[in-house]
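Student: Input data31.cif, format and content: mmCIF, C-alpha atoms and all ligand atoms.
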data_input
loop_
_atom_site.label_atom_id
_atom_site.label_comp_id
_atom_site.auth_asym_id
_atom_site.auth_seq_id
_atom_site.Cartn_x
_atom_site.Cartn_y
_atom_site.Cartn_z
CA MET A 242 82.66 74.35 107.81
CA THR A 243 84.46 77.67 108.03
CA THR A 244 85.55 78.48 111.56
CA MET A 245 85.12 81.80 113.27
CA SER A 246 87.66 83.36 115.55
CA ASP A 247 86.68 84.86 118.88
CA PRO A 248 85.03 88.23 118.21
CA SER A 249 87.50 90.07 120.39
CA THR A 250 89.92 92.65 119.09
CA GLY A 251 92.86 90.90 120.71
CA ALA A 252 95.87 89.13 119.25
CA ASP A 253 93.79 86.09 118.21
CA ALA A 254 91.40 88.21 116.22
CA LEU A 255 94.28 90.03 114.51
CA ALA A 256 95.99 86.74 113.67
CA GLY A 257 92.68 85.54 112.21
CA LEU A 258 92.40 88.66 110.05
CA VAL A 259 95.92 88.10 108.67
CA ALA A 260 95.28 84.38 108.06
CA GLY A 261 92.01 85.07 106.21
CA PHE A 262 93.25 88.10 104.28
CA PRO A 263 92.58 87.81 100.51
CA PHE A 264 95.93 89.10 99.32
CA PRO A 265 95.10 90.35 95.83
CA PHE A 266 98.37 90.45 93.86
CA PRO A 267 99.38 87.40 91.82
CA GLU A 268 102.29 89.36 90.28
CA ASP A 269 104.61 92.31 91.02
CA ARG A 270 102.65 94.46 88.55
CA TYR A 271 98.94 95.32 88.67
CA ARG A 272 96.69 96.23 85.74
CA TYR A 273 92.92 96.19 85.34
CA SER A 274 91.56 93.00 83.82
CA THR A 275 88.30 91.04 83.67
CA ASN A 276 89.65 89.05 86.61
CA VAL A 277 86.76 86.69 87.31
CA GLU A 278 87.12 83.10 88.54
CA PRO A 279 84.71 80.48 89.88
CA ALA A 280 83.73 81.15 93.50
CA GLN A 281 84.12 78.77 96.45
CA THR A 282 87.61 77.76 95.36
CA PRO A 283 89.85 78.08 98.42
CA VAL A 284 93.05 80.03 97.86
CA THR A 285 96.12 79.24 99.93
CA THR A 286 98.21 82.32 100.71
CA ALA A 287 101.56 82.84 102.43
CA ALA A 288 99.63 83.43 105.69
CA GLY A 289 96.58 81.19 105.47
CA ARG A 290 93.52 80.64 103.31
CA TRP A 291 90.47 82.47 101.98
CA GLY A 292 87.67 81.96 99.48
CA ALA A 293 86.05 78.68 100.56
CA ALA A 294 82.60 80.28 100.89
CA VAL A 295 80.53 83.01 99.25
CA VAL A 296 79.62 84.64 102.58
CA ASP A 297 82.40 85.13 105.11
CA ILE A 298 81.96 85.81 108.83
CA ASP A 299 85.02 86.80 110.84
CA SER A 300 85.93 88.39 114.18
CA GLU A 301 84.63 91.78 112.97
CA TYR A 302 81.05 90.49 112.48
CA ARG A 303 79.24 92.34 115.27
CA ASP A 304 81.33 95.45 114.97
CA GLU A 305 80.73 95.79 111.22
CA LEU A 306 76.99 95.09 111.54
CA ASP A 307 76.70 97.76 114.26
CA ARG A 308 78.54 100.17 112.01
CA ARG A 309 76.23 99.39 109.08
CA ALA A 310 73.15 99.98 111.27
CA MET A 311 74.49 103.39 112.34
CA ILE A 312 75.25 104.39 108.75
CA LEU A 313 71.78 103.36 107.54
CA ALA A 314 70.13 105.23 110.39
CA ALA A 315 72.09 108.39 109.54
CA ASP A 316 71.75 108.16 105.74
CA PRO A 317 68.78 106.34 104.20
CA THR A 318 70.18 106.76 100.64
CA ARG A 319 72.57 103.83 101.29
CA HIS A 320 69.57 101.51 100.86
CA ALA A 321 67.30 101.44 97.81
CA VAL A 322 65.01 98.91 96.17
CA LEU A 323 63.31 100.23 93.04
CA PRO A 324 59.73 98.84 92.83
CA HIS A 325 60.45 96.27 90.07
CA MET A 326 63.29 94.81 92.23
CA VAL A 327 61.13 93.63 95.15
CA PRO A 328 61.11 89.97 93.92
CA ALA A 329 64.91 90.13 93.43
CA ALA A 330 65.35 91.36 97.02
CA TRP A 331 63.47 88.30 98.36
CA ASP A 332 65.46 86.06 96.04
CA ALA A 333 68.72 87.60 97.33
CA MET A 334 67.71 87.15 100.96
CA LEU A 335 66.76 83.48 100.59
CA THR A 336 69.87 82.73 98.51
CA LEU A 337 72.07 84.25 101.22
CA MET A 338 70.26 82.41 104.02
CA ARG A 339 70.92 79.16 102.14
CA GLU A 340 74.60 80.08 101.80
CA LEU A 341 74.84 80.89 105.51
CA ASP A 342 73.09 77.65 106.47
CA GLU A 343 75.49 75.65 104.32
CA THR A 344 78.65 77.45 105.45
CA TYR A 345 77.88 77.87 109.18
CA PRO A 346 75.53 74.97 110.01
CA GLU A 347 76.17 75.32 113.75
CA GLN A 348 75.08 78.93 113.91
CA MET A 349 72.79 79.56 110.93
CA ARG A 350 69.73 77.48 110.08
CA LEU A 351 67.12 77.78 107.37
CA ARG A 352 64.29 75.23 107.46
CA PRO A 353 61.16 75.02 105.29
CA THR A 354 57.99 74.90 107.40
CA GLY A 355 55.48 74.76 104.53
CA ALA A 356 55.14 75.43 100.79
CA ASP A 357 56.27 79.10 101.06
CA THR A 358 57.08 79.40 104.74
CA TRP A 359 60.45 79.24 106.45
CA LEU A 360 62.11 79.31 109.85
CA TRP A 361 65.37 81.27 110.01
CA ARG A 362 67.77 81.08 112.94
CA ASN A 363 70.91 83.11 113.45
CA GLU A 364 72.40 81.85 116.69
CA ILE A 365 75.21 84.42 116.73
CA LEU A 366 72.73 87.30 116.96
CA GLY A 367 70.02 85.32 118.78
CA ILE A 368 67.50 85.69 115.95
CA GLU A 369 64.60 83.34 115.27
CA GLN A 370 62.27 84.45 112.48
CA ARG A 371 59.39 82.73 110.71
CA PHE A 372 58.47 84.25 107.38
CA ARG A 373 56.43 83.69 104.26
CA TYR A 374 58.49 84.20 101.10
CA GLY A 375 57.30 87.38 99.36
CA ASP A 376 55.14 88.60 102.26
CA PRO A 377 56.73 91.76 103.76
CA ALA A 378 54.39 91.64 106.78
CA THR A 379 56.28 88.54 108.00
CA LEU A 380 59.69 90.25 108.27
CA PRO A 381 60.75 93.10 110.56
CA GLU A 382 62.43 94.91 107.64
CA GLU A 383 62.63 95.02 103.86
CA PRO A 384 64.37 91.70 102.91
CA LEU A 385 67.60 93.18 101.52
CA ARG A 386 68.03 95.33 104.60
CA TYR A 387 67.13 92.40 106.83
CA ILE A 388 69.81 90.14 105.39
CA THR A 389 72.48 92.86 105.30
CA SER A 390 71.91 93.27 109.05
CA GLN A 391 73.30 89.70 109.35
CA ILE A 392 76.16 89.58 106.84
CA GLN A 393 79.28 91.73 106.52
CA GLU A 394 78.90 91.98 102.71
CA ASP A 395 77.39 94.98 100.93
CA ILE A 396 74.89 94.04 98.20
CA ALA A 397 73.97 95.54 94.83
CA LEU A 398 71.27 93.93 92.67
CA LEU A 399 71.33 94.36 88.90
CA ASP A 400 68.30 94.06 86.67
CA GLN A 401 68.88 92.74 83.14
CA ARG A 402 66.69 94.31 80.44
CA ASN A 403 67.21 95.45 76.83
CA ASP A 404 70.58 93.68 76.81
CA GLN A 405 71.90 95.88 79.63
CA LEU A 406 72.41 95.59 83.38
CA TYR A 407 71.11 98.28 85.75
CA VAL A 408 71.99 98.72 89.42
CA ASP A 409 68.41 99.02 90.66
CA ALA A 410 68.65 97.89 94.29
CA GLY A 411 71.14 97.49 97.10
CA VAL A 412 72.39 98.13 100.59
CA VAL A 413 75.88 99.63 100.33
CA THR A 414 77.35 101.16 103.47
CA PHE A 415 81.05 100.48 102.88
CA ALA A 416 81.60 101.96 99.41
CA ALA A 417 85.24 102.68 98.50
CA ASP A 418 85.07 106.22 97.12
CA TRP A 419 81.76 106.00 95.25
CA SER A 420 78.13 106.73 96.03
CA PHE A 421 75.44 104.08 95.87
CA GLY A 422 72.71 106.74 96.19
CA PHE A 423 74.12 108.50 93.12
CA ASP A 424 74.62 105.32 91.09
CA VAL A 425 71.29 103.60 91.76
CA GLY A 426 69.31 103.28 88.51
CA MET A 427 72.46 103.64 86.38
CA SER A 428 73.65 101.01 83.93
CA PHE A 429 76.74 98.87 84.51
CA LEU A 430 78.47 100.62 81.60
CA GLU A 431 77.61 104.12 82.88
CA ILE A 432 78.87 103.30 86.38
CA HIS A 433 82.25 102.24 85.02
CA GLY A 434 82.48 105.34 82.78
CA PRO A 435 85.02 107.17 85.03
CA VAL A 436 87.45 104.22 85.36
CA PRO A 437 90.62 105.00 83.34
CA ARG A 438 91.94 102.63 80.63
CA VAL A 439 89.16 100.06 80.85
CA ARG A 440 87.17 101.29 77.82
CA GLN A 441 90.13 101.16 75.42
CA GLU A 442 91.20 97.80 76.83
CA GLY A 443 87.68 96.28 76.61
CA VAL A 444 87.76 95.18 80.27
CA ILE A 445 84.30 96.48 81.09
CA THR A 446 82.58 95.42 77.86
CA ARG A 447 83.94 91.88 78.36
CA ALA A 448 82.75 91.92 81.99
CA HIS A 449 79.32 93.13 80.81
CA GLU A 450 79.01 90.29 78.28
CA PHE A 451 80.18 87.81 80.90
CA LEU A 452 77.66 89.03 83.47
CA LYS A 453 74.76 88.91 81.02
CA ARG A 454 75.50 85.21 80.42
CA LEU A 455 75.97 84.33 84.11
CA GLN A 456 73.98 81.21 85.09
CA PRO A 457 72.29 80.39 88.43
CA HIS A 458 74.25 78.10 90.76
CA GLN A 459 77.55 79.08 89.13
CA PRO A 460 78.83 81.92 91.31
CA TYR A 461 81.97 83.79 90.27
CA ARG A 462 84.20 86.20 92.14
CA ARG A 463 86.88 88.80 91.63
CA THR A 464 89.00 91.08 93.82
CA ASN A 465 89.64 94.79 93.71
CA TRP A 466 91.88 96.84 95.98
CA THR A 467 92.95 100.29 97.10
CA LEU A 468 94.62 101.95 100.11
CA THR A 469 92.50 103.39 102.92
CA ILE A 470 93.66 105.51 105.83
CA ASP A 471 92.60 103.98 109.15
CA ARG A 472 90.28 101.02 109.50
CA ARG A 473 87.45 103.02 107.96
CA LEU A 474 84.94 100.92 106.08
CA ASP A 475 82.72 103.79 105.04
CA VAL A 476 84.69 105.89 102.58
CA SER A 477 81.65 106.85 100.51
CA THR A 478 81.64 110.00 98.40
CA GLU A 479 78.81 111.39 100.59
CA ILE A 480 81.14 111.77 103.57
CA TYR A 481 84.31 112.71 101.64
CA HIS A 482 84.70 115.71 103.95
CA GLU A 483 85.28 113.26 106.85
CA TRP A 484 88.01 111.13 105.28
CA GLY A 485 89.32 112.98 102.19
CA PRO A 486 91.63 115.34 104.18
CA ASP A 487 93.47 112.31 105.66
CA ARG A 488 95.05 111.75 102.24
CA GLU A 489 96.91 115.06 102.77
CA THR A 490 97.72 114.82 106.46
CA ILE A 491 98.98 111.23 106.25
CA GLN A 492 101.96 112.51 104.27
CA ARG A 493 103.26 114.33 107.33
CA VAL A 494 102.91 111.67 110.05
CA SER A 495 105.80 109.67 111.53
CA ASP A 496 106.81 106.35 109.97
CA ASP A 497 105.31 104.41 112.85
CA GLU A 498 101.99 106.16 112.52
CA PHE A 499 102.06 105.73 108.73
CA GLY A 500 102.48 101.94 109.03
CA ARG A 501 99.68 101.72 111.57
CA ARG A 502 97.19 103.90 109.73
CA VAL A 503 97.60 103.10 106.03
CA HIS A 504 95.68 99.92 105.17
CA LEU A 505 95.62 97.71 102.11
CA ARG A 506 91.89 97.46 101.41
CA VAL A 507 90.72 94.47 99.41
CA GLU A 508 87.23 93.77 98.16
CA VAL A 509 86.17 90.21 97.41
CA GLN A 510 83.27 90.66 95.02
CA HIS A 511 80.89 87.80 94.24
CA LEU A 512 78.74 87.70 91.12
CA ILE A 513 75.67 85.49 91.38
CA ARG A 514 72.69 84.99 89.08
CA LEU A 515 69.65 84.72 91.36
CA PRO A 516 67.60 81.63 90.51
CA ASP A 517 63.99 82.95 90.74
CA SER A 518 64.15 86.60 89.68
CA GLY A 519 67.02 86.35 87.18
CA ALA A 520 68.70 89.45 88.72
CA VAL A 521 72.48 89.54 89.20
CA MET A 522 73.59 89.82 92.83
CA PHE A 523 76.89 91.63 93.40
CA LEU A 524 78.34 91.10 96.89
CA ILE A 525 81.18 93.28 98.12
CA ARG A 526 83.10 92.07 101.18
CA THR A 527 85.76 94.48 102.41
CA TYR A 528 88.95 93.39 104.19
CA MET A 529 91.59 95.72 105.57
CA LEU A 530 95.10 95.17 106.87
CA PRO A 531 97.46 97.90 108.11
CA LEU A 532 100.84 98.04 106.37
CA GLU A 533 102.56 97.04 109.61
CA GLN A 534 100.61 93.75 109.61
CA LEU A 535 100.99 93.25 105.88
CA ALA A 536 104.76 93.61 106.29
CA SER A 537 104.76 90.72 108.77
CA VAL A 538 104.22 88.39 105.79
CA GLU A 539 107.42 88.72 103.78
CA VAL A 540 106.05 87.88 100.31
CA TRP A 541 103.14 90.31 100.82
CA ARG A 542 105.49 93.07 101.96
CA ARG A 543 107.79 92.72 98.98
CA ARG A 544 105.10 92.30 96.35
CA THR A 545 102.86 95.15 97.58
CA ALA A 546 105.88 97.48 97.56
CA GLU A 547 106.58 96.53 93.90
CA VAL A 548 102.94 96.95 92.84
CA LEU A 549 102.59 100.36 94.49
CA ALA A 550 105.87 101.69 93.11
CA GLU A 551 105.09 100.53 89.56
CA LEU A 552 101.35 101.45 89.39
CA PRO A 553 100.80 103.95 86.52
CA GLY A 554 99.90 107.50 87.61
CA ASP A 555 96.40 107.54 86.07
CA MET A 556 95.42 104.39 88.00
CA ALA A 557 96.94 105.66 91.25
CA ASP A 558 95.15 108.96 90.73
CA TYR A 559 91.79 107.27 90.12
CA LYS A 560 92.23 105.14 93.22
CA GLY A 561 92.91 108.32 95.21
CA ILE A 562 96.31 107.11 96.41
CA ILE A 563 98.60 109.18 94.17
CA LYS A 564 99.82 111.40 97.02
CA PHE A 565 100.97 108.66 99.37
CA ARG A 566 101.56 105.51 97.34
CA ASP A 567 105.28 106.28 96.87
CA ARG A 568 105.69 106.64 100.61
CA ALA A 569 103.71 103.43 101.13
CA ALA A 570 106.05 101.61 98.72
CA GLN A 571 109.11 103.05 100.50
CA TRP A 572 107.68 102.22 103.90
CA LEU A 573 107.20 98.60 102.85
CA ARG A 574 110.69 98.39 101.33
CA GLY A 575 112.13 99.82 104.53
CA ALA A 576 110.31 97.18 106.59
CA ALA A 577 112.44 94.40 105.08
CA PRO A 578 113.70 91.91 107.62
CA VAL A 579 117.26 92.66 108.71
CA PRO A 580 119.51 90.01 107.09
CA THR A 581 121.12 87.77 109.65
CA THR A 582 124.86 87.58 109.18
CA THR A 583 126.46 84.21 109.56
CA PRO A 584 129.43 84.38 111.88
CA GLY A 585 132.72 84.02 110.03
CA PRO A 586 135.08 81.12 110.51
C1 LIG B 1 85.01 100.27 89.81
C2 LIG B 1 85.78 96.35 87.09
C3 LIG B 1 81.52 94.54 88.43
C4 LIG B 1 80.45 98.77 90.43
C5 LIG B 1 85.62 99.32 89.02
C6 LIG B 1 87.00 99.37 88.59
C7 LIG B 1 87.20 98.29 87.82
C8 LIG B 1 85.97 97.54 87.77
C9 LIG B 1 88.49 97.90 87.11
C10 LIG B 1 88.04 100.43 88.98
C11 LIG B 1 88.51 100.05 90.36
C12 LIG B 1 89.69 100.79 90.93
O1 LIG B 1 90.47 101.46 90.24
O2 LIG B 1 89.91 100.67 92.15
C13 LIG B 1 84.70 95.51 87.23
C14 LIG B 1 84.61 94.19 86.66
C15 LIG B 1 83.40 93.67 87.06
C16 LIG B 1 82.76 94.69 87.87
C17 LIG B 1 85.67 93.52 85.80
C18 LIG B 1 82.75 92.36 86.80
C19 LIG B 1 83.32 91.32 86.29
C20 LIG B 1 80.84 95.55 89.01
C21 LIG B 1 79.45 95.48 89.38
C22 LIG B 1 79.13 96.67 89.93
C23 LIG B 1 80.33 97.49 89.93
C24 LIG B 1 78.52 94.30 89.16
C25 LIG B 1 77.78 97.01 90.45
C26 LIG B 1 77.51 97.88 91.38
C27 LIG B 1 81.59 99.52 90.44
C28 LIG B 1 81.68 100.84 91.03
C29 LIG B 1 82.99 101.28 90.85
C30 LIG B 1 83.69 100.22 90.15
C31 LIG B 1 80.54 101.60 91.69
C32 LIG B 1 83.55 102.65 91.27
C33 LIG B 1 83.22 103.61 90.15
C34 LIG B 1 83.51 105.06 90.55
O3 LIG B 1 84.64 105.38 90.94
O4 LIG B 1 82.59 105.88 90.43
N1 LIG B 1 85.03 98.19 88.51
N2 LIG B 1 83.58 95.79 87.95
N3 LIG B 1 81.35 96.78 89.35
N4 LIG B 1 82.82 99.18 89.92
FE1 LIG B 1 83.17 97.50 88.90
#
Take the structure in the file and give it back as structure tokens.
Tutor:
Amino acid sequence: MTTMSDPSTGADALAGLVAGFPFPFPEDRYRYSTNVEPAQTPVTTAAGRWGAAVVDIDSEYRDELDRRAMILAADPTRHAVLPHMVPAAWDAMLTLMRELDETYPEQMRLRPTGADTWLWRNEILGIEQRFRYGDPATLPEEPLRYITSQIQEDIALLDQRNDQLYVDAGVVTFAADWSFGFDVGMSFLEIHGPVPRVRQEGVITRAHEFLKRLQPHQPYRRTNWTLTIDRRLDVSTEIYHEWGPDRETIQRVSDDEFGRRVHLRVEVQHLIRLPDSGAVMFLIRTYMLPLEQLASVEVWRRRTAEVLAELPGDMADYKGIIKFRDRAAQWLRGAAPVPTTTPGP
């Protein structure tokens, strides 16, 4: 079983966030690739471990769920289920409840109570819910919204038809510089249209072929990353006016403030073929660590500095970090531990 740290924002919680951080760089140089690997394979890092489970609950659980609820209340376009995706939404909910039950057996329980009826318990949030699979009258909310009120992951569901995948449902409140409301109904290939390099290099067409062949019960995962100013999960295009200007002002802050506010943001993305509906479920779990914490792990400090300094301009531009990535690289280089001098004879 995966353990959860105390949901406080104290030193323990911070240590837990460092230990569970999915550091994304296997090398000193980063390029786009079809970087998929089987899920549920734990990865040991210089600071700890991540990746044992598909759904991950950490010390930020309540805080992030509260944040998601506020975002959904303020902007209903972050949630959409096109009519043909209703069965996929139920399939996603039950699949995730099974994952939670398996990963957190002490806190999360799913029990069958009849042919189509279930009892769901989430002890962390004090929830007990009986429901009939497929019957919306037995749940307080639409199933995708219901389950995203109990997991930190964002969800997109893709329908496969005419040899293409379409993003036709989801709850996405923590998008990194894109808009779910704008993208809903678009194909996988259209959505990736603006990403530089990937067309020429065949990254997205290979990913598309891979996803179309994905089988149930064989989940895969990949990581993606960027830099975000402050611990701000919601950097969606819709509210660019709230966070976009920080990319300018961050250039003028003191070094201390820079290290505290600039975060390495990593998404662990799971790709799962749902067993009943045949839809593809795309889970996006966002982790963030300020540079000052990242620098506390020497191999992370050194490698991230190399990656940021070497990243080609078009990729840095697309990620929205072109204006401050050089300073981030310098900041990390400057945070090198002071060499201890051995006293002479
Ligand atoms: C962005 C690859 C699956 C939605 C990107 C980027 C890459 C990529 C390289 C650019 C990221 C960056 O520079 O930070 C892949 C691969 C996948 C995959 C290899 C599967 C193996 C998906 C799926 C969705 C998705 C299933 C469904 C929603 C997006 C979106 C963006 C993106 C919305 C941002 C596009 C924008 O800026 O407008 N992806 N992706 N990706 N991807 Fe994927």
Student: Applying 9 Å and all atoms listed in the file, which residues near Gln459 in chain A remain after dropping the ones on its own chain fewer than 6 positions away? List them as JSON, numbers by chain.
Tutor: {"A": [279, 280, 512, 513, 514]}
Student: Which residues sit within 6 Å of ligand LIG 1 (chain B), counting all atoms listed in the file, listed as an MDAnalysis selection string?
Tutor: chainID A and resid 273 275 277 397 408 419 432:433 436 445 448 466:467 523 559:560
Student: So how many Å separate CA of Gly257 in chain A and CA of Gly292 in chain A, to one decimal?
Tutor: 14.1 Å
Student: Name all residues at most 6 Å from Arg350 in chain A (count only C-alpha atoms; drop same-chain ones fewer than 6 positions away) and give them as a list in words.
Tutor: Asp342, Trp361 and Arg362 of chain A
Student: Determine, counting all atoms listed in the file, which protein, DNA and RNA residues have an atom within 12 Å of an atom of Leu552 in chain A; residues of the same chain fewer than 5 positions away are not included. Present the result as a list in words.
Tutor: Asp269, Arg270, Tyr271, Arg272, Tyr273, Thr467, Thr545, Ala546, Glu547, Ala557, Asp558, Tyr559, Lys560, Ile562, Ile563, Arg566, Asp567 and Ala570 of chain A
Student: Just the number, please: distance in Å from CA of Ala378 in chain A to CA of Ser518 in chain A, one decimal.
Tutor: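 We find that CA of Ala378 in chain A and CA of Ser518 in chain A lie 20.3 Å from each other.
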Student: Which residues of range 354-440 of chain A have any atom within 8 Å of an atom in range 310-318 of chain A when counting all atoms listed in the file, and what is the closest pair of atoms for each, with the distance in Å to one decimal? Order the rows by chain and rising number and write it as a Markdown table.
Tutor:
| residue | atom | partner | partner_atom | distance |
| --- | --- | --- | --- | --- |
| A:Ser390 | CA | A:Ala310 | CA | 7.2 |
| A:Thr414 | CA | A:Ile312 | CA | 6.5 |
| A:Phe421 | CA | A:Thr318 | CA | 7.6 |
| A:Gly422 | CA | A:Thr318 | CA | 5.1 |
Student: Produce a file of the selected residues containing C-alpha atoms, as a JSON list (two decimals), in the coordinates of the input.
Tutor:
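Below you can see result-v4.json, which holds the result:
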[["chain", "number", "residue", "atom", "x", "y", "z"],
["A", 390, "SER", "CA", 71.91, 93.27, 109.05],
["A", 414, "THR", "CA", 77.35, 101.16, 103.47],
["A", 421, "PHE", "CA", 75.44, 104.08, 95.87],
["A", 422, "GLY", "CA", 72.71, 106.74, 96.19]]
Student: Take range 335-353 of chain A, bring it up to N, CA, C and O atoms, and give me the output as an mmCIF file, keeping the file's coordinate frame.
Tutor:
data_model
loop_
_atom_site.group_PDB
_atom_site.id
_atom_site.type_symbol
_atom_site.label_atom_id
_atom_site.label_comp_id
_atom_site.auth_asym_id
_atom_site.auth_seq_id
_atom_site.Cartn_x
_atom_site.Cartn_y
_atom_site.Cartn_z
ATOM 1 N N LEU A 335 66.842 84.935 100.414
ATOM 2 C CA LEU A 335 66.760 83.480 100.590
ATOM 3 C C LEU A 335 68.055 82.801 100.119
ATOM 4 O O LEU A 335 68.558 81.878 100.767
ATOM 5 N N THR A 336 68.611 83.287 99.015
ATOM 6 C CA THR A 336 69.870 82.730 98.510
ATOM 7 C C THR A 336 70.972 82.872 99.554
ATOM 8 O O THR A 336 71.740 81.930 99.797
ATOM 9 N N LEU A 337 71.028 84.019 100.208
ATOM 10 C CA LEU A 337 72.070 84.250 101.220
ATOM 11 C C LEU A 337 71.826 83.432 102.478
ATOM 12 O O LEU A 337 72.771 82.927 103.088
ATOM 13 N N MET A 338 70.548 83.265 102.855
ATOM 14 C CA MET A 338 70.260 82.410 104.020
ATOM 15 C C MET A 338 70.696 80.983 103.726
ATOM 16 O O MET A 338 71.246 80.312 104.606
ATOM 17 N N ARG A 339 70.479 80.524 102.512
ATOM 18 C CA ARG A 339 70.920 79.160 102.140
ATOM 19 C C ARG A 339 72.442 79.048 102.221
ATOM 20 O O ARG A 339 72.980 78.062 102.713
ATOM 21 N N GLU A 340 73.123 80.074 101.750
ATOM 22 C CA GLU A 340 74.600 80.080 101.800
ATOM 23 C C GLU A 340 75.084 80.032 103.247
ATOM 24 O O GLU A 340 76.010 79.288 103.578
ATOM 25 N N LEU A 341 74.441 80.839 104.101
ATOM 26 C CA LEU A 341 74.840 80.890 105.510
ATOM 27 C C LEU A 341 74.599 79.541 106.180
ATOM 28 O O LEU A 341 75.439 79.039 106.933
ATOM 29 N N ASP A 342 73.447 78.952 105.902
ATOM 30 C CA ASP A 342 73.090 77.650 106.470
ATOM 31 C C ASP A 342 74.120 76.597 106.077
ATOM 32 O O ASP A 342 74.557 75.790 106.901
ATOM 33 N N GLU A 343 74.534 76.641 104.816
ATOM 34 C CA GLU A 343 75.490 75.650 104.320
ATOM 35 C C GLU A 343 76.893 75.868 104.913
ATOM 36 O O GLU A 343 77.596 74.924 105.265
ATOM 37 N N THR A 344 77.284 77.138 105.041
ATOM 38 C CA THR A 344 78.650 77.450 105.450
ATOM 39 C C THR A 344 78.830 77.390 106.969
ATOM 40 O O THR A 344 79.889 77.004 107.457
ATOM 41 N N TYR A 345 77.789 77.809 107.711
ATOM 42 C CA TYR A 345 77.880 77.870 109.180
ATOM 43 C C TYR A 345 76.734 77.072 109.813
ATOM 44 O O TYR A 345 75.871 77.643 110.482
ATOM 45 N N PRO A 346 76.700 75.748 109.578
ATOM 46 C CA PRO A 346 75.530 74.970 110.010
ATOM 47 C C PRO A 346 75.294 74.993 111.519
ATOM 48 O O PRO A 346 74.172 74.801 111.966
ATOM 49 N N GLU A 347 76.356 75.269 112.297
ATOM 50 C CA GLU A 347 76.170 75.320 113.750
ATOM 51 C C GLU A 347 75.422 76.569 114.186
ATOM 52 O O GLU A 347 74.696 76.550 115.163
ATOM 53 N N GLN A 348 75.646 77.651 113.464
ATOM 54 C CA GLN A 348 75.080 78.930 113.910
ATOM 55 C C GLN A 348 73.902 79.433 113.093
ATOM 56 O O GLN A 348 73.122 80.251 113.573
ATOM 57 N N MET A 349 73.815 79.005 111.833
ATOM 58 C CA MET A 349 72.790 79.560 110.930
ATOM 59 C C MET A 349 71.925 78.425 110.398
ATOM 60 O O MET A 349 72.463 77.445 109.864
ATOM 61 N N ARG A 350 70.607 78.554 110.546
ATOM 62 C CA ARG A 350 69.730 77.480 110.080
ATOM 63 C C ARG A 350 68.529 78.011 109.331
ATOM 64 O O ARG A 350 67.831 78.895 109.831
ATOM 65 N N LEU A 351 68.307 77.461 108.155
ATOM 66 C CA LEU A 351 67.120 77.780 107.370
ATOM 67 C C LEU A 351 66.345 76.481 107.164
ATOM 68 O O LEU A 351 66.903 75.525 106.616
ATOM 69 N N ARG A 352 65.093 76.446 107.610
ATOM 70 C CA ARG A 352 64.290 75.230 107.460
ATOM 71 C C ARG A 352 62.948 75.580 106.826
ATOM 72 O O ARG A 352 62.285 76.529 107.272
ATOM 73 N N PRO A 353 62.512 74.786 105.819
ATOM 74 C CA PRO A 353 61.160 75.020 105.290
ATOM 75 C C PRO A 353 60.128 74.556 106.323
ATOM 76 O O PRO A 353 60.336 73.541 106.991
#
